[in-house]
file query_1.cif (mmCIF, C-alpha atoms)
data_work
#
loop_
_atom_site.label_atom_id
_atom_site.label_comp_id
_atom_site.auth_asym_id
_atom_site.auth_seq_id
_atom_site.Cartn_x
_atom_site.Cartn_y
_atom_site.Cartn_z
CA MET A 10 152.94 19.96 77.54
CA VAL A 11 155.97 19.93 79.79
CA VAL A 12 157.15 16.47 80.70
CA ASP A 13 160.48 16.90 82.44
CA GLN A 14 160.74 16.03 86.12
CA LEU A 15 162.01 17.77 89.20
CA SER A 16 165.07 16.17 90.70
CA ASP A 17 164.86 14.81 94.27
CA ALA A 18 167.13 17.62 95.41
CA GLU A 19 164.86 20.24 93.83
CA LEU A 20 161.80 18.65 95.41
CA ASP A 21 163.51 18.59 98.80
CA ARG A 22 164.28 22.29 98.50
CA LEU A 23 160.73 23.05 97.45
CA PHE A 24 159.27 21.03 100.33
CA GLN A 25 161.66 22.62 102.78
CA ALA A 26 160.78 26.07 101.48
CA PHE A 27 157.05 25.53 102.04
CA ALA A 28 157.45 23.76 105.37
CA ASP A 29 157.45 26.97 107.38
CA THR A 30 154.61 29.41 108.12
CA THR A 31 156.79 32.52 107.82
CA ARG A 32 158.19 31.42 104.49
CA ARG A 33 154.72 30.70 103.15
CA ASP A 34 153.66 34.16 104.27
CA ILE A 35 156.69 35.76 102.63
CA MET A 36 155.85 33.86 99.42
CA ARG A 37 152.27 35.11 99.44
CA ARG A 38 153.45 38.70 99.81
CA VAL A 39 156.26 38.72 97.25
CA THR A 40 154.09 36.97 94.67
CA VAL A 41 151.86 40.04 94.47
CA GLY A 42 154.41 42.80 95.14
CA GLU A 43 158.04 43.54 95.82
CA TYR A 44 159.47 43.93 99.30
CA SER A 45 162.86 44.85 100.65
CA VAL A 46 164.33 42.43 103.19
CA THR A 47 164.08 45.27 105.71
CA GLY A 48 160.41 45.75 104.84
CA LEU A 49 159.75 42.03 105.31
CA ALA A 50 161.68 41.95 108.58
CA ALA A 51 159.43 44.67 109.98
CA LEU A 52 156.40 42.38 109.47
CA TYR A 53 157.52 39.54 111.70
CA ALA A 54 158.42 39.24 115.35
CA MET A 55 161.90 37.98 114.61
CA SER A 56 165.32 39.36 113.86
CA PHE A 57 166.43 40.77 110.51
CA ALA A 58 168.93 37.90 110.28
CA ALA A 59 166.20 35.30 110.80
CA VAL A 60 164.05 36.82 108.03
CA GLN A 61 167.10 37.02 105.78
CA LYS A 62 167.65 33.31 106.38
CA HIS A 63 164.06 32.52 105.39
CA VAL A 64 164.50 34.54 102.19
CA ALA A 65 167.70 32.60 101.45
CA VAL A 66 165.82 29.29 101.73
CA LEU A 67 163.18 30.55 99.30
CA GLU A 68 165.89 31.78 96.96
CA ARG A 69 167.58 28.37 96.94
CA ALA A 70 164.25 26.79 95.99
CA SER A 71 164.04 29.27 93.07
CA LEU A 72 160.80 30.65 94.47
CA VAL A 73 162.08 34.21 94.86
CA THR A 74 164.77 36.39 93.34
CA LYS A 75 166.85 38.92 95.23
CA GLU A 76 168.25 42.07 93.67
CA LYS A 77 170.44 44.81 95.12
CA ARG A 78 169.00 48.30 94.79
CA GLY A 79 171.17 50.90 96.48
CA ARG A 80 171.56 49.70 100.03
CA GLU A 81 168.42 47.60 99.89
CA GLN A 82 167.89 44.03 98.80
CA ILE A 83 164.61 43.69 96.91
CA VAL A 84 162.79 40.36 97.07
CA ARG A 85 160.35 39.31 94.36
CA GLY A 86 158.43 36.18 93.55
CA ASN A 87 160.19 34.36 90.74
CA HIS A 88 157.97 35.31 87.86
CA ASP A 89 159.11 32.48 85.71
CA GLY A 90 155.46 31.62 86.03
CA LEU A 91 155.29 28.53 83.87
CA GLU A 92 158.15 26.97 85.74
CA LYS A 93 156.40 27.52 89.04
CA ALA A 94 153.10 26.30 87.66
CA ARG A 95 154.82 23.17 86.46
CA ARG A 96 156.29 22.52 89.88
CA LEU A 97 152.88 22.98 91.42
CA LEU A 98 151.28 20.65 88.92
CA ASP A 99 153.88 18.04 89.82
CA GLU A 100 152.77 18.30 93.42
CA TYR A 101 149.11 18.19 92.49
CA GLU A 102 149.78 15.07 90.46
CA ALA A 103 151.32 13.39 93.50
CA ILE A 104 148.17 14.12 95.51
CA TRP A 105 145.98 12.55 92.83
CA ARG A 106 148.22 9.53 92.35
CA GLN A 107 147.86 8.82 96.06
CA ARG A 108 144.08 9.21 95.82
CA VAL A 109 143.91 6.78 92.91
CA ALA A 110 145.94 4.24 94.88
CA ARG A 111 143.50 4.54 97.79
CA ILE A 112 140.51 4.15 95.44
CA ALA A 113 142.05 0.99 93.98
CA ASP A 114 142.45 -0.39 97.52
CA ILE A 115 138.80 0.28 98.31
CA LEU A 116 137.66 -1.32 95.05
CA ALA A 117 139.78 -4.40 95.79
CA GLU A 118 137.81 -5.07 98.99
CA LYS A 119 135.13 -7.67 98.64
CA MET B 14 149.46 0.29 86.88
CA THR B 15 146.32 2.03 87.93
CA VAL B 16 147.36 5.48 86.73
CA ILE B 17 147.55 5.38 82.95
CA SER B 18 148.59 8.93 82.22
CA SER B 19 148.68 12.43 83.52
CA THR B 20 148.88 15.61 81.49
CA LYS B 21 150.08 18.86 82.97
CA ASN B 22 149.34 22.03 81.11
CA PRO B 23 150.92 24.98 82.93
CA GLU B 24 149.77 27.46 80.24
CA ALA B 25 146.13 26.61 80.86
CA LEU B 26 146.63 25.89 84.59
CA SER B 27 145.04 22.52 84.12
CA PHE B 28 145.75 18.94 84.99
CA ILE B 29 144.30 15.72 83.61
CA LEU B 30 144.71 12.32 85.17
CA VAL B 31 143.55 9.06 83.59
CA ALA B 32 143.28 5.93 85.71
CA GLU B 33 141.81 2.49 85.09
CA PHE B 34 140.23 0.31 87.72
CA ASP B 35 139.29 -3.39 87.90
CA ALA B 36 135.68 -2.62 88.70
CA ASP B 37 132.63 -1.69 86.67
CA VAL B 38 131.42 1.88 86.19
CA GLN B 39 128.57 1.50 88.71
CA ARG B 40 131.02 0.44 91.40
CA VAL B 41 133.49 3.26 90.70
CA TRP B 42 130.62 5.78 90.67
CA GLN B 43 129.86 4.77 94.28
CA ILE B 44 133.24 5.98 95.51
CA TRP B 45 132.11 9.48 94.44
CA GLU B 46 128.42 9.17 95.25
CA ASP B 47 128.71 7.72 98.76
CA PRO B 48 130.33 10.24 101.14
CA ARG B 49 131.39 7.44 103.50
CA GLN B 50 133.43 5.86 100.70
CA LEU B 51 134.62 9.25 99.42
CA GLU B 52 136.05 10.23 102.79
CA ARG B 53 138.14 7.06 102.82
CA TRP B 54 140.25 8.28 99.89
CA TRP B 55 139.89 12.08 99.50
CA GLY B 56 142.35 12.93 102.25
CA PRO B 57 145.64 11.20 103.04
CA PRO B 58 145.54 8.58 105.85
CA THR B 59 147.10 11.07 108.27
CA TRP B 60 144.59 13.79 107.27
CA PRO B 61 141.29 11.95 106.80
CA ALA B 62 138.38 13.89 105.32
CA THR B 63 134.97 14.07 106.96
CA PHE B 64 132.04 15.24 104.83
CA SER B 65 129.59 16.97 107.14
CA GLN B 66 127.18 17.75 104.29
CA TYR B 67 126.91 16.04 100.91
CA GLU B 68 124.19 16.96 98.44
CA PHE B 69 125.00 14.76 95.46
CA THR B 70 122.78 16.55 92.97
CA PRO B 71 123.32 19.37 90.43
CA GLY B 72 123.48 22.62 92.38
CA GLY B 73 124.14 20.68 95.57
CA GLU B 74 126.73 21.69 98.10
CA ALA B 75 129.15 19.63 100.11
CA PHE B 76 131.27 20.62 103.07
CA TYR B 77 134.21 18.72 104.44
CA TYR B 78 137.14 19.08 106.75
CA MET B 79 140.38 17.20 106.98
CA THR B 80 141.72 16.42 110.43
CA GLY B 81 145.48 16.37 111.02
CA PRO B 82 147.47 14.22 113.45
CA GLU B 83 147.33 16.93 116.11
CA GLY B 84 143.65 17.67 115.63
CA GLU B 85 144.26 20.59 113.21
CA LYS B 86 141.43 21.09 110.76
CA ALA B 87 141.51 22.19 107.12
CA GLY B 88 138.09 22.88 105.61
CA GLY B 89 136.78 22.74 102.08
CA TRP B 90 133.56 22.90 100.11
CA TRP B 91 132.23 21.63 96.78
CA ARG B 92 129.50 23.06 94.61
CA ILE B 93 128.23 20.38 92.25
CA THR B 94 127.59 21.84 88.82
CA ASP B 95 126.69 18.73 86.79
CA ILE B 96 125.85 15.10 87.39
CA GLN B 97 125.09 12.49 84.75
CA ALA B 98 125.07 9.24 86.71
CA PRO B 99 127.08 7.09 86.44
CA ASN B 100 129.36 8.73 83.90
CA ARG B 101 129.97 12.38 84.66
CA LEU B 102 130.43 14.65 87.66
CA GLU B 103 131.51 18.29 87.67
CA PHE B 104 132.12 20.43 90.71
CA ASP B 105 133.88 23.51 92.04
CA ASP B 106 136.23 22.85 94.94
CA GLY B 107 137.30 25.60 97.33
CA PHE B 108 138.48 26.39 100.83
CA ALA B 109 136.34 26.88 103.92
CA ASP B 110 137.11 28.61 107.20
CA ASP B 111 136.86 27.02 110.65
CA ASP B 112 133.08 27.47 110.63
CA GLY B 113 132.78 25.80 107.24
CA ALA B 114 131.99 29.04 105.41
CA PRO B 115 133.49 29.28 101.89
CA VAL B 116 136.57 31.50 101.63
CA GLU B 117 135.98 32.88 98.14
CA ALA B 118 139.21 34.87 98.17
CA MET B 119 141.19 31.62 98.09
CA GLY B 120 139.72 30.79 94.68
CA THR B 121 138.23 27.59 93.33
CA THR B 122 139.30 24.61 91.28
CA HIS B 123 136.86 23.24 88.73
CA ALA B 124 136.90 19.46 88.48
CA THR B 125 135.37 17.28 85.79
CA VAL B 126 135.23 13.53 86.39
CA THR B 127 134.21 11.08 83.69
CA LEU B 128 133.84 7.31 83.98
CA GLU B 129 133.73 5.09 80.91
CA ASP B 130 133.27 1.37 80.51
CA ILE B 131 136.21 -0.45 78.95
CA GLY B 132 135.02 -4.04 78.71
CA GLY B 133 133.81 -4.39 82.28
CA ARG B 134 136.61 -2.28 83.71
CA THR B 135 136.47 1.49 84.19
CA ARG B 136 138.52 4.34 82.86
CA MET B 137 138.31 7.41 85.10
CA THR B 138 139.45 10.80 83.84
CA VAL B 139 139.79 13.69 86.26
CA GLN B 140 140.39 17.17 84.91
CA SER B 141 141.21 20.03 87.29
CA VAL B 142 141.28 23.62 86.10
CA PHE B 143 142.71 26.22 88.45
CA GLU B 144 141.58 29.83 88.56
CA SER B 145 145.02 31.35 88.91
CA GLU B 146 148.54 30.37 89.71
CA GLU B 147 148.14 31.74 93.20
CA GLN B 148 145.03 29.67 93.77
CA MET B 149 146.82 26.56 92.53
CA ASN B 150 149.59 27.46 94.94
CA ASN B 151 147.12 27.58 97.84
CA MET B 152 145.68 24.23 96.82
CA ILE B 153 149.06 22.56 96.66
CA GLU B 154 150.24 24.11 99.91
CA MET B 155 147.47 22.24 101.65
CA GLY B 156 148.56 19.00 100.00
CA MET B 157 152.22 19.73 100.65
CA GLU B 158 151.65 20.24 104.32
CA ASP B 159 149.92 16.88 104.39
CA GLY B 160 152.91 15.33 102.66
CA MET B 161 155.31 16.98 105.06
CA LYS B 162 153.41 15.75 108.08
CA GLU B 163 153.17 12.27 106.66
CA ALA B 164 156.90 12.24 106.02
CA ALA B 165 157.53 13.45 109.56
CA GLY B 166 155.40 10.60 110.90
CA GLN B 167 157.41 8.08 108.91
CA ILE B 168 160.67 9.48 110.27
CA ASP B 169 159.31 9.20 113.81
CA ALA B 170 158.39 5.56 113.16
CA LEU B 171 161.87 4.82 111.80
CA LEU B 172 163.52 6.46 114.78
CA ALA B 173 161.32 4.47 117.14
CA GLU B 174 162.37 1.24 115.39
CA HIS B 175 166.02 2.15 115.72
CA ALA B 176 165.55 2.94 119.39
CA ARG B 177 164.14 -0.55 119.94
CA ALA B 178 166.86 -2.31 117.91
#
call {"tool": "encode", "arguments": {"input": "query_1.cif", "output": "structure tokens"}}
result
Amino acid sequence: MVVDQLSDAELDRLFQAFADTTRRDIMRRVTVGEYSVTGLAALYAMSFAAVQKHVAVLERASLVTKEKRGREQIVRGNHDGLEKARRLLDEYEAIWRQRVARIADILAEK
Amino acid sequence: MTVISSTKNPEALSFILVAEFDADVQRVWQIWEDPRQLERWWGPPTWPATFSQYEFTPGGEAFYYMTGPEGEKAGGWWRITDIQAPNRLEFDDGFADDDGAPVEAMGTTHATVTLEDIGGRTRMTVQSVFESEEQMNNMIEMGMEDGMKEAAGQIDALLAEHARA
């Protein structure tokens, strides 16, 4: 069982990373395969620089890794799987803690 | 404290939460059995859940959607796999499309809820087992978006207060 906590700064980065549709889409893709930044940029109606910026946000949140291969930058989901799973479980826990608080409120009604 | 403990097991992609309530088992069972009570707590206040179908019986199906502040909808379904009233409920929980049809590709979470009497009070244990990391990711994304929107609402409220001050 892993008991350590994410810092507020880490949580902020994680929330920020997931707060955007394009970044969520990039995450879905690089979790199952590897893409070059150029390859990703071709998928969206936005500039190469804009996509590169999205990748940088994901990288800061430790959700992806970037690696130089020749002239390309290859983006992959961070396969430190347990770490990611732990982060996700932290989030899931927050959802349930809120539910329990709401249940307690309902039960307190007379 | 209502929440007594939570156990996260990344290796098994599972999560266990134990909570205790100042109410008897029969009363706590109602918050699962009665869809009108269930929809008061399943979704966050800014994304309330509406159960359009609720067959609270083994093999029964439930469909719900959560409605966001701007009228966005996020759908889900349950398939109830076991009920032993008033102590045990098991169900699969997945995503539904805009028409309420299950999206099997998004995966399911299996939930087991047990209620036990502790001297007139109730201990509730909820275990969630995810199918895959990606599926857990999908599940959380939904919850995260809710959190984000809630946070945004709070910031708006703060800004409005400042504007008045």
call {"tool": "resolve_selection", "arguments": {"input": "query_1.cif", "expression": "the PyMOL selection byres ((chain A and resi 34-36) around 8)", "output": "list of chain:residue names"}}
result
A:Thr30, A:Thr31, A:Arg32, A:Arg33, A:Arg37, A:Arg38, A:Val39, A:Thr40, A:Leu49, A:Val64, A:Leu72, A:Val73, A:Gly86
call {"tool": "write_last_selection", "arguments": {"input": "query_1.cif", "atoms": "C-alpha atoms", "output": "compact mmCIF listing (two decimals), in the frame of the given file"}}
result
# COMPACT_ATOMS: atom_id res chain seq x y z
CA THR A 30 154.61 29.41 108.12
CA THR A 31 156.79 32.52 107.82
CA ARG A 32 158.19 31.42 104.49
CA ARG A 33 154.72 30.70 103.15
CA ARG A 37 152.27 35.11 99.44
CA ARG A 38 153.45 38.70 99.81
CA VAL A 39 156.26 38.72 97.25
CA THR A 40 154.09 36.97 94.67
CA LEU A 49 159.75 42.03 105.31
CA VAL A 64 164.50 34.54 102.19
CA LEU A 72 160.80 30.65 94.47
CA VAL A 73 162.08 34.21 94.86
CA GLY A 86 158.43 36.18 93.55
call {"tool": "closest_residue", "arguments": {"input": "query_1.cif", "among": "B:Gly113, B:Gly84, B:Gly132, B:Pro99", "to": "B:Glu46", "atoms": "all atoms listed in the file"}}
result
B:Pro99
call {"tool": "atom_distance", "arguments": {"input": "query_1.cif", "atom1": "atom CA of A:Leu52", "atom2": "atom CA of B:Met119"}}
result
21.8 Å
call {"tool": "atom_distance", "arguments": {"input": "query_1.cif", "atom1": "atom CA of B:Met149", "atom2": "atom CA of B:Trp54"}}
result
20.8 Å
call {"tool": "resolve_selection", "arguments": {"input": "query_1.cif", "expression": "the PyMOL selection byres ((chain B and resi 34) around 8)", "output": "MDAnalysis selection string"}}
result
(chainID A and resid 113 116) or (chainID B and resid 15 32:33 35:37 41 134:137)
call {"tool": "resolve_selection", "arguments": {"input": "query_1.cif", "expression": "the PyMOL selection byres ((chain B and resi 105) around 7)", "output": "MDAnalysis selection string"}}
result
chainID B and resid 91:93 104 106:107 121:124
call {"tool": "write_last_selection", "arguments": {"input": "query_1.cif", "atoms": "C-alpha atoms", "output": "CSV table (one decimal), in the coordinates of the input"}}
result
chain,number,residue,atom,x,y,z
B,91,TRP,CA,132.2,21.6,96.8
B,92,ARG,CA,129.5,23.1,94.6
B,93,ILE,CA,128.2,20.4,92.2
B,104,PHE,CA,132.1,20.4,90.7
B,106,ASP,CA,136.2,22.8,94.9
B,107,GLY,CA,137.3,25.6,97.3
B,121,THR,CA,138.2,27.6,93.3
B,122,THR,CA,139.3,24.6,91.3
B,123,HIS,CA,136.9,23.2,88.7
B,124,ALA,CA,136.9,19.5,88.5
call {"tool": "atom_distance", "arguments": {"input": "query_1.cif", "atom1": "atom CA of A:Glu100", "atom2": "atom CA of B:Asn151"}}
result
11.7 Å
call {"tool": "closest_residue", "arguments": {"input": "query_1.cif", "among": "B:Arg40, B:Asp110, B:Glu144, B:Glu68", "to": "A:Ala117", "atoms": "all atoms listed in the file"}}
result
B:Arg40
call {"tool": "closest_residue", "arguments": {"input": "query_1.cif", "among": "A:Val41, A:Ala65, A:Val84, A:Ala58", "to": "chain B", "atoms": "only C-alpha atoms"}}
result
A:Val41
call {"tool": "build_atoms", "arguments": {"input": "query_1.cif", "residues": "stretch 69-80 of chain A", "atoms": "all heavy atoms", "output": "mmCIF file, in the coordinates of the input"}}
result
data_model
loop_
_atom_site.group_PDB
_atom_site.id
_atom_site.type_symbol
_atom_site.label_atom_id
_atom_site.label_comp_id
_atom_site.auth_asym_id
_atom_site.auth_seq_id
_atom_site.Cartn_x
_atom_site.Cartn_y
_atom_site.Cartn_z
ATOM 1 N N ARG A 69 166.973 29.646 97.358
ATOM 2 C CA ARG A 69 167.580 28.370 96.940
ATOM 3 C C ARG A 69 166.560 27.476 96.239
ATOM 4 O O ARG A 69 166.914 26.700 95.366
ATOM 5 C CB ARG A 69 168.159 27.637 98.153
ATOM 6 C CG ARG A 69 169.564 28.084 98.495
ATOM 7 C CD ARG A 69 170.282 27.018 99.312
ATOM 8 N NE ARG A 69 169.634 26.758 100.599
ATOM 9 C CZ ARG A 69 169.804 27.515 101.675
ATOM 10 N NH1 ARG A 69 170.607 28.559 101.630
ATOM 11 N NH2 ARG A 69 169.189 27.233 102.799
ATOM 12 N N ALA A 70 165.294 27.598 96.630
ATOM 13 C CA ALA A 70 164.250 26.790 95.990
ATOM 14 C C ALA A 70 163.734 27.444 94.710
ATOM 15 O O ALA A 70 162.757 26.994 94.123
ATOM 16 C CB ALA A 70 163.095 26.584 96.974
ATOM 17 N N SER A 71 164.400 28.533 94.290
ATOM 18 C CA SER A 71 164.040 29.270 93.070
ATOM 19 C C SER A 71 162.633 29.853 93.136
ATOM 20 O O SER A 71 161.985 30.050 92.113
ATOM 21 C CB SER A 71 164.142 28.386 91.816
ATOM 22 O OG SER A 71 165.406 27.826 91.724
ATOM 23 N N LEU A 72 162.154 30.089 94.339
ATOM 24 C CA LEU A 72 160.800 30.650 94.470
ATOM 25 C C LEU A 72 160.825 32.167 94.485
ATOM 26 O O LEU A 72 159.828 32.808 94.172
ATOM 27 C CB LEU A 72 160.131 30.110 95.745
ATOM 28 C CG LEU A 72 159.795 28.623 95.717
ATOM 29 C CD1 LEU A 72 159.390 28.130 97.092
ATOM 30 C CD2 LEU A 72 158.690 28.341 94.717
ATOM 31 N N VAL A 73 161.960 32.748 94.885
ATOM 32 C CA VAL A 73 162.080 34.210 94.860
ATOM 33 C C VAL A 73 163.421 34.597 94.224
ATOM 34 O O VAL A 73 164.340 33.777 94.151
ATOM 35 C CB VAL A 73 162.009 34.846 96.279
ATOM 36 C CG1 VAL A 73 160.726 34.445 96.985
ATOM 37 C CG2 VAL A 73 163.223 34.468 97.128
ATOM 38 N N THR A 74 163.490 35.845 93.786
ATOM 39 C CA THR A 74 164.770 36.390 93.340
ATOM 40 C C THR A 74 165.100 37.581 94.230
ATOM 41 O O THR A 74 164.212 38.232 94.773
ATOM 42 C CB THR A 74 164.700 36.888 91.874
ATOM 43 O OG1 THR A 74 163.660 37.874 91.789
ATOM 44 C CG2 THR A 74 164.396 35.753 90.924
ATOM 45 N N LYS A 75 166.395 37.816 94.405
ATOM 46 C CA LYS A 75 166.850 38.920 95.230
ATOM 47 C C LYS A 75 167.713 39.830 94.367
ATOM 48 O O LYS A 75 168.516 39.346 93.577
ATOM 49 C CB LYS A 75 167.659 38.393 96.413
ATOM 50 C CG LYS A 75 167.310 39.044 97.738
ATOM 51 C CD LYS A 75 167.845 38.252 98.911
ATOM 52 C CE LYS A 75 169.354 38.049 98.855
ATOM 53 N NZ LYS A 75 169.843 37.219 99.972
ATOM 54 N N GLU A 76 167.523 41.131 94.529
ATOM 55 C CA GLU A 76 168.250 42.070 93.670
ATOM 56 C C GLU A 76 168.692 43.251 94.526
ATOM 57 O O GLU A 76 167.922 43.753 95.339
ATOM 58 C CB GLU A 76 167.291 42.540 92.566
ATOM 59 C CG GLU A 76 167.881 43.457 91.537
ATOM 60 C CD GLU A 76 166.775 44.222 90.810
ATOM 61 O OE1 GLU A 76 165.691 43.634 90.601
ATOM 62 O OE2 GLU A 76 166.992 45.400 90.488
ATOM 63 N N LYS A 77 169.925 43.671 94.347
ATOM 64 C CA LYS A 77 170.440 44.810 95.120
ATOM 65 C C LYS A 77 169.950 46.106 94.488
ATOM 66 O O LYS A 77 170.046 46.297 93.276
ATOM 67 C CB LYS A 77 171.971 44.808 95.095
ATOM 68 C CG LYS A 77 172.586 44.123 96.286
ATOM 69 C CD LYS A 77 174.003 44.652 96.527
ATOM 70 C CE LYS A 77 174.415 44.523 97.979
ATOM 71 N NZ LYS A 77 174.575 43.149 98.419
ATOM 72 N N ARG A 78 169.375 46.977 95.294
ATOM 73 C CA ARG A 78 169.000 48.300 94.790
ATOM 74 C C ARG A 78 169.464 49.300 95.835
ATOM 75 O O ARG A 78 168.877 49.407 96.902
ATOM 76 C CB ARG A 78 167.495 48.386 94.573
ATOM 77 C CG ARG A 78 167.067 49.673 93.872
ATOM 78 C CD ARG A 78 165.559 49.797 93.776
ATOM 79 N NE ARG A 78 164.952 48.750 92.963
ATOM 80 C CZ ARG A 78 163.650 48.446 93.005
ATOM 81 N NH1 ARG A 78 162.843 49.079 93.831
ATOM 82 N NH2 ARG A 78 163.172 47.493 92.243
ATOM 83 N N GLY A 79 170.558 50.016 95.501
ATOM 84 C CA GLY A 79 171.170 50.900 96.480
ATOM 85 C C GLY A 79 171.622 50.065 97.671
ATOM 86 O O GLY A 79 172.320 49.066 97.497
ATOM 87 N N ARG A 80 171.155 50.448 98.843
ATOM 88 C CA ARG A 80 171.560 49.700 100.030
ATOM 89 C C ARG A 80 170.554 48.621 100.382
ATOM 90 O O ARG A 80 170.718 47.885 101.344
ATOM 91 C CB ARG A 80 171.727 50.674 101.215
ATOM 92 C CG ARG A 80 172.891 51.639 100.994
ATOM 93 C CD ARG A 80 172.868 52.768 101.992
ATOM 94 N NE ARG A 80 172.943 52.289 103.385
ATOM 95 C CZ ARG A 80 172.826 53.087 104.442
ATOM 96 N NH1 ARG A 80 172.599 54.366 104.274
ATOM 97 N NH2 ARG A 80 172.921 52.605 105.664
#
